[in-house]
Amino acid sequence: MIAKDLRSGIEALGNLIAEASTIVPFTGAGISTESGIPDFRSPGGLWTRNRPIPFDEFVASSDARDEAWRRRFAMEPTFAAAKPGRGHRALASLYRAGKIPAIVTQNIDNLHQMSGFKSDHVVELHGNTTYARCIGCGRAYELPWVKQRFDDNGAAPDCTDCGDPIKTATISFGQAMPEDAMRRATELAQHCDLFLAIGSSLVVWPAAGFPMMAKNCGARLVIINNEPTEQDDIADLVIRHDIGETLGPFVGN
C-alpha cells in the first residue's frame with residue numbers, strides 16, 4: 001500500500017510499530033541527507049561529481065590511492081559537522097524502548113552510533129569512513145594520523161606494520177562484503193516481524209536483498225524513500241515523503 005499522504009503514512013507506520021515486537025531498520029543514504037551528507041545517485045550526488053574508485057584500482061595504483069584520500073579529506077568538514085537527524089533519533093528512541101535489537105545500514109557516516117546505538121548493534125554493510133584500516137593486516141588507523149603523513153609526504157601512507165596500503169574502513173566496489181556483517185544482517189532479517197527500509201534506493205546488491213528476505217520470512221515490510229524502488233510492490237506500506245518528517249513524530253517515543 002502506498003500512503004496517499006504524509007499524515008496517513010505516519011498513522012499507518014505508527015500502527016505497525018505498535019504491533020511489532022522486533023523491528024529491524026535498514027538504512028541508506030537518504031536518512032543522512034538531513035544531516036548534510038550528500039547521497040550518491042541523485043542529481044548533485046557524490047557519484048555525479050566523481051567516478052567511484054574501484055578496489056582493484058585502489059590496490060594497483062598509487063595515484064588512485066592519493067586521489068581517494070584527497071577526496072576523503074575534502075569531505076572531512078562535512079562529516080565532522082554532521083549530527084544525527086530526526087530519522088536517526090527516531091530509530092534510536094525505538095532502540096532504547098527495546099523494539100529494535102540492532103540496525104543494518106549501508107551508510108558509512110557513524111551517525112547511528114552518534115544517535116545512541118551501541119557500536120555492536122550497528123551492522124555496517126559498507127564499512128565506516130570515520131577511521132582507516134590496512135587492507136593487508138587489518139590494523140586500524142585514526143584519520144588525523146593518515147592526514148599528517150599524507151600532508152608530510154604528498155602521498156597516501158602505507159601500513160607501518162606490513163607495508164600494505166591504508167584505506168578508509170569502507171567497502172569499495174569490487175571489494176568483498178564483510179562476512180560477519182552479512183551474517184548478522186541475514187539473521188536479523190530472518191527473525192524480525194517488522195522490517196523498515198529507509199532512504200535506500202534498493203539497487204545495490206547483495207544488501208538490497210534483505211528487505212525481500214525479511215518479507216519472505218513473514219515480516220511486514222515498510223519502505224520509506226522519496227523515490228520509488230523496485231521492491232515497492234511487495235511492501236505492506238510505502239511512504240514516499242521526507243524521511244525526517246515521516247519519522248520525526250517518533251523521536252522520543
# chains A, B, ... in the order shown; residues from 1 in each chain; ligands from 1

call {"tool": "select_by_dssp", "arguments": {"residues": "region 107-173 of chain A", "states": "alpha helix (DSSP H)", "output": "list in words"}}
result
Leu111, His112, Gln113, Met114, Ser115, Leu143, Pro144, Trp145, Val146, Lys147, Gln148, Arg149, Phe150, Asp151, Asp152 and Asn153 of chain A

call {"tool": "write_last_selection", "arguments": {"atoms": "N, CA, C and O atoms", "output": "mmCIF file, in the first residue's frame"}}
result
data_model
loop_
_atom_site.group_PDB
_atom_site.id
_atom_site.type_symbol
_atom_site.label_atom_id
_atom_site.label_comp_id
_atom_site.auth_asym_id
_atom_site.auth_seq_id
_atom_site.Cartn_x
_atom_site.Cartn_y
_atom_site.Cartn_z
ATOM 1 N N LEU A 111 26.622 7.963 12.028
ATOM 2 C CA LEU A 111 25.577 8.756 12.675
ATOM 3 C C LEU A 111 24.640 7.916 13.532
ATOM 4 O O LEU A 111 24.064 8.422 14.509
ATOM 5 N N HIS A 112 24.457 6.645 13.208
ATOM 6 C CA HIS A 112 23.618 5.808 14.080
ATOM 7 C C HIS A 112 24.288 5.622 15.440
ATOM 8 O O HIS A 112 23.618 5.660 16.480
ATOM 9 N N GLN A 113 25.598 5.448 15.446
ATOM 10 C CA GLN A 113 26.306 5.346 16.719
ATOM 11 C C GLN A 113 26.175 6.655 17.502
ATOM 12 O O GLN A 113 25.948 6.647 18.721
ATOM 13 N N MET A 114 26.284 7.781 16.801
ATOM 14 C CA MET A 114 26.166 9.084 17.464
ATOM 15 C C MET A 114 24.764 9.316 18.018
ATOM 16 O O MET A 114 24.591 10.044 18.997
ATOM 17 N N SER A 115 23.766 8.683 17.413
ATOM 18 C CA SER A 115 22.379 8.886 17.857
ATOM 19 C C SER A 115 22.049 8.078 19.106
ATOM 20 O O SER A 115 21.018 8.323 19.742
ATOM 21 N N LEU A 143 42.161 8.859 11.404
ATOM 22 C CA LEU A 143 42.298 9.702 10.215
ATOM 23 C C LEU A 143 43.316 10.834 10.385
ATOM 24 O O LEU A 143 44.045 11.143 9.431
ATOM 25 N N PRO A 144 43.410 11.491 11.560
ATOM 26 C CA PRO A 144 44.437 12.540 11.684
ATOM 27 C C PRO A 144 45.850 12.015 11.453
ATOM 28 O O PRO A 144 46.688 12.735 10.885
ATOM 29 N N TRP A 145 46.109 10.778 11.851
ATOM 30 C CA TRP A 145 47.431 10.176 11.604
ATOM 31 C C TRP A 145 47.665 10.040 10.099
ATOM 32 O O TRP A 145 48.745 10.366 9.591
ATOM 33 N N VAL A 146 46.656 9.561 9.378
ATOM 34 C CA VAL A 146 46.779 9.396 7.930
ATOM 35 C C VAL A 146 47.000 10.747 7.266
ATOM 36 O O VAL A 146 47.875 10.904 6.405
ATOM 37 N N LYS A 147 46.222 11.751 7.676
ATOM 38 C CA LYS A 147 46.324 13.069 7.031
ATOM 39 C C LYS A 147 47.693 13.701 7.282
ATOM 40 O O LYS A 147 48.262 14.331 6.373
ATOM 41 N N GLN A 148 48.207 13.540 8.489
ATOM 42 C CA GLN A 148 49.515 14.123 8.792
ATOM 43 C C GLN A 148 50.587 13.568 7.856
ATOM 44 O O GLN A 148 51.398 14.307 7.296
ATOM 45 N N ARG A 149 50.564 12.264 7.644
ATOM 46 C CA ARG A 149 51.576 11.651 6.777
ATOM 47 C C ARG A 149 51.305 11.948 5.308
ATOM 48 O O ARG A 149 52.241 12.089 4.522
ATOM 49 N N PHE A 150 50.033 12.061 4.947
ATOM 50 C CA PHE A 150 49.684 12.447 3.581
ATOM 51 C C PHE A 150 50.208 13.858 3.295
ATOM 52 O O PHE A 150 50.797 14.115 2.240
ATOM 53 N N ASP A 151 50.014 14.770 4.239
ATOM 54 C CA ASP A 151 50.471 16.153 4.062
ATOM 55 C C ASP A 151 52.003 16.235 4.058
ATOM 56 O O ASP A 151 52.595 17.004 3.294
ATOM 57 N N ASP A 152 52.624 15.427 4.906
ATOM 58 C CA ASP A 152 54.083 15.474 5.000
ATOM 59 C C ASP A 152 54.761 14.938 3.741
ATOM 60 O O ASP A 152 55.772 15.488 3.275
ATOM 61 N N ASN A 153 54.197 13.866 3.186
ATOM 62 C CA ASN A 153 54.844 13.167 2.068
ATOM 63 C C ASN A 153 54.187 13.418 0.715
ATOM 64 O O ASN A 153 54.739 13.040 -0.318
#

call {"tool": "residues_around", "arguments": {"residues": "region 88-101 of chain A", "least_positions_apart": "5", "cutoff": "7 Å", "atoms": "only C-alpha atoms", "output": "mmCIF file with N, CA, C and O atoms, in the first residue's frame"}}
result
data_model
loop_
_atom_site.group_PDB
_atom_site.id
_atom_site.type_symbol
_atom_site.label_atom_id
_atom_site.label_comp_id
_atom_site.auth_asym_id
_atom_site.auth_seq_id
_atom_site.Cartn_x
_atom_site.Cartn_y
_atom_site.Cartn_z
ATOM 1 N N SER A 21 6.956 -6.576 17.666
ATOM 2 C CA SER A 21 7.786 -6.854 18.840
ATOM 3 C C SER A 21 9.268 -6.735 18.512
ATOM 4 O O SER A 21 10.070 -6.360 19.369
ATOM 5 N N THR A 22 9.652 -7.051 17.272
ATOM 6 C CA THR A 22 11.053 -6.973 16.862
ATOM 7 C C THR A 22 11.145 -6.231 15.533
ATOM 8 O O THR A 22 10.718 -6.745 14.496
ATOM 9 N N ILE A 23 11.697 -5.036 15.575
ATOM 10 C CA ILE A 23 11.813 -4.185 14.391
ATOM 11 C C ILE A 23 13.269 -4.132 13.955
ATOM 12 O O ILE A 23 14.161 -3.910 14.777
ATOM 13 N N VAL A 24 13.512 -4.328 12.669
ATOM 14 C CA VAL A 24 14.864 -4.185 12.133
ATOM 15 C C VAL A 24 14.853 -3.075 11.077
ATOM 16 O O VAL A 24 14.230 -3.221 10.026
ATOM 17 N N HIS A 112 24.457 6.645 13.208
ATOM 18 C CA HIS A 112 23.618 5.808 14.080
ATOM 19 C C HIS A 112 24.288 5.622 15.440
ATOM 20 O O HIS A 112 23.618 5.660 16.480
ATOM 21 N N SER A 115 23.766 8.683 17.413
ATOM 22 C CA SER A 115 22.379 8.886 17.857
ATOM 23 C C SER A 115 22.049 8.078 19.106
ATOM 24 O O SER A 115 21.018 8.323 19.742
ATOM 25 N N GLY A 116 22.886 7.114 19.448
ATOM 26 C CA GLY A 116 22.629 6.348 20.665
ATOM 27 C C GLY A 116 22.715 4.850 20.538
ATOM 28 O O GLY A 116 22.634 4.127 21.535
ATOM 29 N N PHE A 117 22.878 4.341 19.318
ATOM 30 C CA PHE A 117 23.054 2.904 19.143
ATOM 31 C C PHE A 117 24.443 2.486 19.623
ATOM 32 O O PHE A 117 25.439 3.160 19.316
ATOM 33 N N LEU A 247 9.553 10.305 10.127
ATOM 34 C CA LEU A 247 9.966 9.688 11.389
ATOM 35 C C LEU A 247 10.027 10.673 12.550
ATOM 36 O O LEU A 247 10.093 10.255 13.705
ATOM 37 N N GLY A 248 9.945 11.965 12.264
ATOM 38 C CA GLY A 248 10.016 12.969 13.319
ATOM 39 C C GLY A 248 9.036 12.733 14.470
ATOM 40 O O GLY A 248 9.404 12.887 15.637
ATOM 41 N N PHE A 250 8.168 10.169 15.817
ATOM 42 C CA PHE A 250 8.564 9.047 16.665
ATOM 43 C C PHE A 250 9.814 9.349 17.497
ATOM 44 O O PHE A 250 10.267 8.506 18.264
ATOM 45 N N VAL A 251 10.377 10.531 17.349
ATOM 46 C CA VAL A 251 11.519 10.921 18.170
ATOM 47 C C VAL A 251 11.054 11.072 19.610
ATOM 48 O O VAL A 251 10.107 11.810 19.910
ATOM 49 N N GLY A 252 11.670 10.360 20.519
ATOM 50 C CA GLY A 252 11.316 10.480 21.935
ATOM 51 C C GLY A 252 10.213 9.571 22.374
ATOM 52 O O GLY A 252 9.893 9.505 23.560
ATOM 53 N N ASN A 253 9.622 8.813 21.425
ATOM 54 C CA ASN A 253 8.562 7.888 21.821
ATOM 55 C C ASN A 253 9.149 6.680 22.550
ATOM 56 O O ASN A 253 10.268 6.282 22.299
#

call {"tool": "residues_around", "arguments": {"residues": "Val203 (chain A)", "least_positions_apart": "5", "cutoff": "12 Å", "atoms": "only C-alpha atoms", "output": "list in words"}}
result
Gly28, Arg41, Gln106, Ala208, Gly209, Phe210, Pro211, Pro228, Thr229, Glu230 and Gln231 of chain A

call {"tool": "closest_atom_pairs", "arguments": {"of": "region 151-205 of chain A", "to": "region 51-66 of chain A", "cutoff": "7 Å", "atoms": "only C-alpha atoms", "output": "Markdown table"}}
result
| residue | atom | partner | partner_atom | distance |
| --- | --- | --- | --- | --- |
| A:Ala155 | CA | A:Asp66 | CA | 5.7 |
| A:Ala156 | CA | A:Asp66 | CA | 5.2 |
| A:Ser172 | CA | A:Phe55 | CA | 5.4 |
| A:Phe173 | CA | A:Pro54 | CA | 4.8 |
| A:Gly174 | CA | A:Phe55 | CA | 5.4 |
| A:Gln175 | CA | A:Phe55 | CA | 5.6 |

call {"tool": "closest_residue", "arguments": {"among": "A:Lys118, A:Met212, A:Thr27, A:Lys4", "to": "Asp232 (chain A)", "atoms": "only C-alpha atoms"}}
result
A:Met212

call {"tool": "closest_residue", "arguments": {"among": "A:Pro206, A:Gly136, A:Gly244, A:Gly154", "to": "Arg183 (chain A)", "atoms": "only C-alpha atoms"}}
result
A:Pro206

call {"tool": "select_by_dssp", "arguments": {"residues": "region 208-241 of chain A", "states": "strand (DSSP E or B)", "output": "ChimeraX atom specification"}}
result
/A:220-224,237-239
